[in-house]
Amino acid sequence: MQKNIKQIRSDLIGITDEFAGRIFEEMNYSQEGRNAERFSELYGGMEEIYVPKIYWDYTGKRVITMEWLDGIKLTNLKEIAALGIDATHLVEVGVECSLRQLLEYGFFHADPHPGNLLALPDGRLAYLDFGMMSTIQPYQRYGLIEAVVHLVNRDFESLATDYVKLDFLTPDTDLSPIIPALSKVFNNALGASVAELNFKSITDQMSGIMYEFPFQVPAYYALIIRSMVTLEGIAIGVNPEFKVLSKAYPYIAKRLLTDKSPELRSSLKDLLFKEGSFRWNRLENLLQNAKDSQDYDLENAVNQAVDYVFSEQGDYIREQLAEEIIQSVDTLGRNTFHNLTSFVQKRLGQEQQSKQRSDAMTTEDRANMEHIQNIWRILQDTPNFDPSFLLPLIPRVLVKRETQELGQKIAEGLLQRVAARFIRNILLADQERAKTQIPANRPDVIRYPANLPTPSAALR
């Protein structure tokens, strides 16, 4: 079929082999026992996840003996509620665990149907049946994170490139007609908020353009989407309003802020900087989401960010950071000076300057200052936030050569702005007033010939 039917672009042979391999592994109970122990090593440390023990003395290829667990299927909502357990919270725990499986360690449970997920009486979520497991390679894990980030931020040009990285498109594919198609499909599907999108919607919306353009479904992706759609089906059964993507983004935000990998550092830079401008709203959104993720360590995130910014790889960020600091300090100084002079003028009974001249902050300036204030509030609301952890950073940063260069750039930039404003507002303003206010019949005024520059013009 794959050789003779042109409409089939998916790797049918690879997908069949993937499922067949998992089925043969599932019939080998020794392999299932090893899978269970590996799953427990990777994810059993999560506070609300439990993995049953394997009794190897009674386990072989044809029989598996594991710990008995008294629990309730996630679909039995009345029984779960009778135990005082919040089923929606357990689904959120399952989503968090699935994200770690897919995006952190790459070893994931490919069959999370309702019979394999139990609510335990102590409120933990137990995983069963480790026969059908699969793996995802590091470049695929990073590619999926980048794709989610680009989807959330509606960066469809980068999303098209992600499909190449994830082996859905070949490197020689012309992406120019695919980008507007992605934009049209996902903008129609997303509506007002990306958080409203679910995995089934993604697959349904993508199916149309996959036939129109040379997409192919790689073998590894078939089990991933099967796993996530199954989990999402359970979630919707528990809570019809549950949105997996909105619950997933806090984890994605945490990974972007804390992961040291070059791939995610690059994604974070692309997310926060656009056309030489720092997007404070994106940072605010990341911090707001990350603080709701389990085991998010703000102190570690700040330390890693500082190390990266002041490393060789952080040249671009330091340049942009210098511009933002110059802009912010200059804006704050102008606003403070304006408020002070307005206060003095008011007390002296003088007329204040016109609002247009006196408004020291632009709309963009005000928006940025609001974002900075919001970011500080978010940091204060982050669990275990303690501003004292910033103190040890100061001497560590000050001794760096890059810090001294950054300080010099900021000082030079501020001086240039002050000098330019002085020339424009004082010296050149004198010249303009001289042109408009001095009568032509004043004999006591020294006039310069037209071919000679005035003092202000010479200074300019």
# chains A, B, ... in the order shown; residues from 1 in each chain; ligands from 1
>>> residues_around(residues="Ala36 (chain A)", least_positions_apart="3", cutoff="9 Å", atoms="only C-alpha atoms", output="number ranges by chain")
A: 31-33, 39-41, 51-54, 128-131
>>> residues_around(residues="Glu18 (chain A)", least_positions_apart="3", cutoff="12 Å", atoms="only C-alpha atoms", output="list in words")
Asp11, Leu12, Ile13, Gly14, Ile15, Gly21, Arg22, Ile23, Phe24, Glu25, Ala110, Met132, Met133, Ser134, Thr135, Pro218, Ala219, Tyr220, Tyr221, Ala222, Leu223 and Ile224 of chain A
>>> write_last_selection(atoms="N, CA and C atoms", output="short mmCIF file (atom, residue, chain, number, x, y, z; two decimals), in the first residue's frame")
data_model
loop_
_atom_site.label_atom_id
_atom_site.label_comp_id
_atom_site.auth_asym_id
_atom_site.auth_seq_id
_atom_site.Cartn_x
_atom_site.Cartn_y
_atom_site.Cartn_z
N ASP A 11 4.34 6.58 7.49
CA ASP A 11 5.23 5.43 7.52
C ASP A 11 4.46 4.23 8.07
N LEU A 12 3.62 3.62 7.21
CA LEU A 12 2.77 2.53 7.67
C LEU A 12 3.59 1.34 8.17
N ILE A 13 4.68 1.06 7.49
CA ILE A 13 5.52 -0.08 7.89
C ILE A 13 6.12 0.18 9.27
N GLY A 14 6.64 1.40 9.46
CA GLY A 14 7.23 1.75 10.75
C GLY A 14 6.21 1.74 11.86
N ILE A 15 4.98 2.25 11.57
CA ILE A 15 3.93 2.27 12.59
C ILE A 15 3.52 0.85 12.96
N GLY A 21 6.01 -4.56 17.76
CA GLY A 21 7.08 -4.71 18.75
C GLY A 21 6.56 -4.57 20.16
N ARG A 22 5.67 -3.59 20.38
CA ARG A 22 5.11 -3.40 21.71
C ARG A 22 4.23 -4.60 22.11
N ILE A 23 3.49 -5.17 21.14
CA ILE A 23 2.62 -6.31 21.46
C ILE A 23 3.46 -7.53 21.85
N PHE A 24 4.54 -7.79 21.12
CA PHE A 24 5.41 -8.91 21.47
C PHE A 24 6.07 -8.69 22.83
N GLU A 25 6.45 -7.43 23.12
CA GLU A 25 7.01 -7.15 24.44
C GLU A 25 5.96 -7.38 25.53
N ALA A 110 2.34 3.63 27.21
CA ALA A 110 1.63 3.83 25.95
C ALA A 110 0.18 3.36 26.01
N MET A 132 2.98 -2.35 27.52
CA MET A 132 3.13 -1.51 26.33
C MET A 132 3.76 -0.18 26.72
N MET A 133 5.08 -0.15 26.60
CA MET A 133 5.84 1.06 26.88
C MET A 133 6.58 1.46 25.60
N SER A 134 7.00 2.71 25.52
CA SER A 134 7.76 3.15 24.35
C SER A 134 8.73 4.25 24.77
N THR A 135 9.61 4.61 23.86
CA THR A 135 10.62 5.63 24.15
C THR A 135 10.57 6.71 23.09
N PRO A 218 5.50 9.98 11.61
CA PRO A 218 6.58 9.08 12.02
C PRO A 218 6.07 8.03 13.00
N ALA A 219 6.75 6.88 13.04
CA ALA A 219 6.27 5.75 13.83
C ALA A 219 6.18 6.10 15.31
N TYR A 220 7.16 6.83 15.84
CA TYR A 220 7.18 7.10 17.28
C TYR A 220 5.97 7.93 17.71
N TYR A 221 5.45 8.76 16.79
CA TYR A 221 4.38 9.69 17.15
C TYR A 221 3.04 8.97 17.32
N ALA A 222 2.87 7.82 16.65
CA ALA A 222 1.58 7.12 16.72
C ALA A 222 1.24 6.73 18.14
N LEU A 223 2.22 6.18 18.88
CA LEU A 223 1.96 5.77 20.26
C LEU A 223 1.82 6.97 21.19
N ILE A 224 2.53 8.05 20.88
CA ILE A 224 2.43 9.25 21.71
C ILE A 224 1.00 9.81 21.64
#
>>> atom_distance(atom1="CA of Pro138 (chain A)", atom2="CA of Lys254 (chain A)")
17.5 Å
>>> residues_around(residues="Pro214 (chain A)", least_positions_apart="6", cutoff="12 Å", atoms="only C-alpha atoms", output="list in words")
Lys6, Gln7, Ile8, Arg9, Ser10, Tyr163, Val164, Asp167, Phe168, Leu169, Thr170, Pro171, Asp172, Thr173, Asp174, Leu175, Pro177, Ile178, Ser207 and Gly208 of chain A
>>> write_last_selection(atoms="C-alpha atoms", output="PDB file, in the first residue's frame")
ATOM      1  CA  LYS A   6       0.311   7.979  -3.490  1.00  0.00           C
ATOM      2  CA  GLN A   7      -2.191   9.378  -0.976  1.00  0.00           C
ATOM      3  CA  ILE A   8      -0.505   7.376   1.792  1.00  0.00           C
ATOM      4  CA  ARG A   9       2.406   9.387   3.113  1.00  0.00           C
ATOM      5  CA  SER A  10       2.588   7.966   6.637  1.00  0.00           C
ATOM      6  CA  TYR A 163       7.527  19.678  11.978  1.00  0.00           C
ATOM      7  CA  VAL A 164      10.782  19.266  10.050  1.00  0.00           C
ATOM      8  CA  ASP A 167      10.375  14.183  11.078  1.00  0.00           C
ATOM      9  CA  PHE A 168       6.875  15.049   9.858  1.00  0.00           C
ATOM     10  CA  LEU A 169       8.411  16.923   6.916  1.00  0.00           C
ATOM     11  CA  THR A 170      11.661  16.347   5.057  1.00  0.00           C
ATOM     12  CA  PRO A 171      14.349  19.068   5.263  1.00  0.00           C
ATOM     13  CA  ASP A 172      13.915  19.941   1.572  1.00  0.00           C
ATOM     14  CA  THR A 173      10.175  20.687   1.933  1.00  0.00           C
ATOM     15  CA  ASP A 174       9.051  24.144   0.807  1.00  0.00           C
ATOM     16  CA  LEU A 175       7.471  25.593   3.950  1.00  0.00           C
ATOM     17  CA  PRO A 177       2.677  27.420   1.491  1.00  0.00           C
ATOM     18  CA  ILE A 178       2.499  25.373   4.711  1.00  0.00           C
ATOM     19  CA  SER A 207      -5.520  15.681   9.361  1.00  0.00           C
ATOM     20  CA  GLY A 208      -6.791  17.981   6.605  1.00  0.00           C
TER      21      GLY A 208
END
>>> atom_distance(atom1="CA of Asn384 (chain A)", atom2="CA of Met369 (chain A)")
25.0 Å
>>> decode(residues="region 198-251 of chain A", atoms="C-alpha atoms", output="short mmCIF file (atom, residue, chain, number, x, y, z; two decimals), in the first residue's frame")
data_model
loop_
_atom_site.label_atom_id
_atom_site.label_comp_id
_atom_site.auth_asym_id
_atom_site.auth_seq_id
_atom_site.Cartn_x
_atom_site.Cartn_y
_atom_site.Cartn_z
CA ASN A 198 -7.08 19.73 23.18
CA PHE A 199 -5.02 16.96 21.61
CA LYS A 200 -7.94 15.48 19.73
CA SER A 201 -8.64 18.89 18.18
CA ILE A 202 -5.00 19.13 17.15
CA THR A 203 -5.08 15.76 15.38
CA ASP A 204 -8.45 16.49 13.77
CA GLN A 205 -7.35 19.91 12.54
CA MET A 206 -4.01 18.59 11.28
CA SER A 207 -5.52 15.68 9.36
CA GLY A 208 -6.79 17.98 6.60
CA ILE A 209 -3.50 19.68 5.76
CA MET A 210 -1.54 16.44 6.16
CA TYR A 211 -3.24 15.17 3.00
CA GLU A 212 -2.80 18.48 1.22
CA PHE A 213 0.93 18.81 1.96
CA PRO A 214 3.72 16.21 2.09
CA PHE A 215 3.38 15.36 5.79
CA GLN A 216 4.17 11.87 7.02
CA VAL A 217 3.38 10.47 10.46
CA PRO A 218 6.58 9.08 12.02
CA ALA A 219 6.27 5.75 13.83
CA TYR A 220 7.18 7.10 17.28
CA TYR A 221 4.38 9.69 17.15
CA ALA A 222 1.58 7.12 16.72
CA LEU A 223 1.96 5.77 20.26
CA ILE A 224 2.43 9.25 21.71
CA ILE A 225 -0.82 10.59 20.29
CA ARG A 226 -2.60 7.34 21.25
CA SER A 227 -1.36 7.74 24.83
CA MET A 228 -2.28 11.42 25.13
CA VAL A 229 -5.69 11.11 23.46
CA THR A 230 -6.52 8.18 25.78
CA LEU A 231 -5.47 10.19 28.84
CA GLU A 232 -7.42 13.18 27.58
CA GLY A 233 -10.50 10.98 27.15
CA ILE A 234 -10.26 9.97 30.82
CA ALA A 235 -9.80 13.62 31.82
CA ILE A 236 -12.86 14.77 29.88
CA GLY A 237 -14.85 11.90 31.41
CA VAL A 238 -13.94 13.20 34.86
CA ASN A 239 -14.39 16.87 33.99
CA PRO A 240 -15.89 17.83 30.59
CA GLU A 241 -14.21 21.26 30.84
CA PHE A 242 -10.73 19.82 31.40
CA LYS A 243 -8.11 21.15 28.94
CA VAL A 244 -4.93 19.12 28.81
CA LEU A 245 -2.92 21.81 27.05
CA SER A 246 -3.73 24.46 29.65
CA LYS A 247 -2.59 22.03 32.38
CA ALA A 248 0.52 21.13 30.40
CA TYR A 249 1.80 24.67 29.88
CA PRO A 250 2.95 25.24 33.51
CA TYR A 251 5.27 22.25 33.10
#
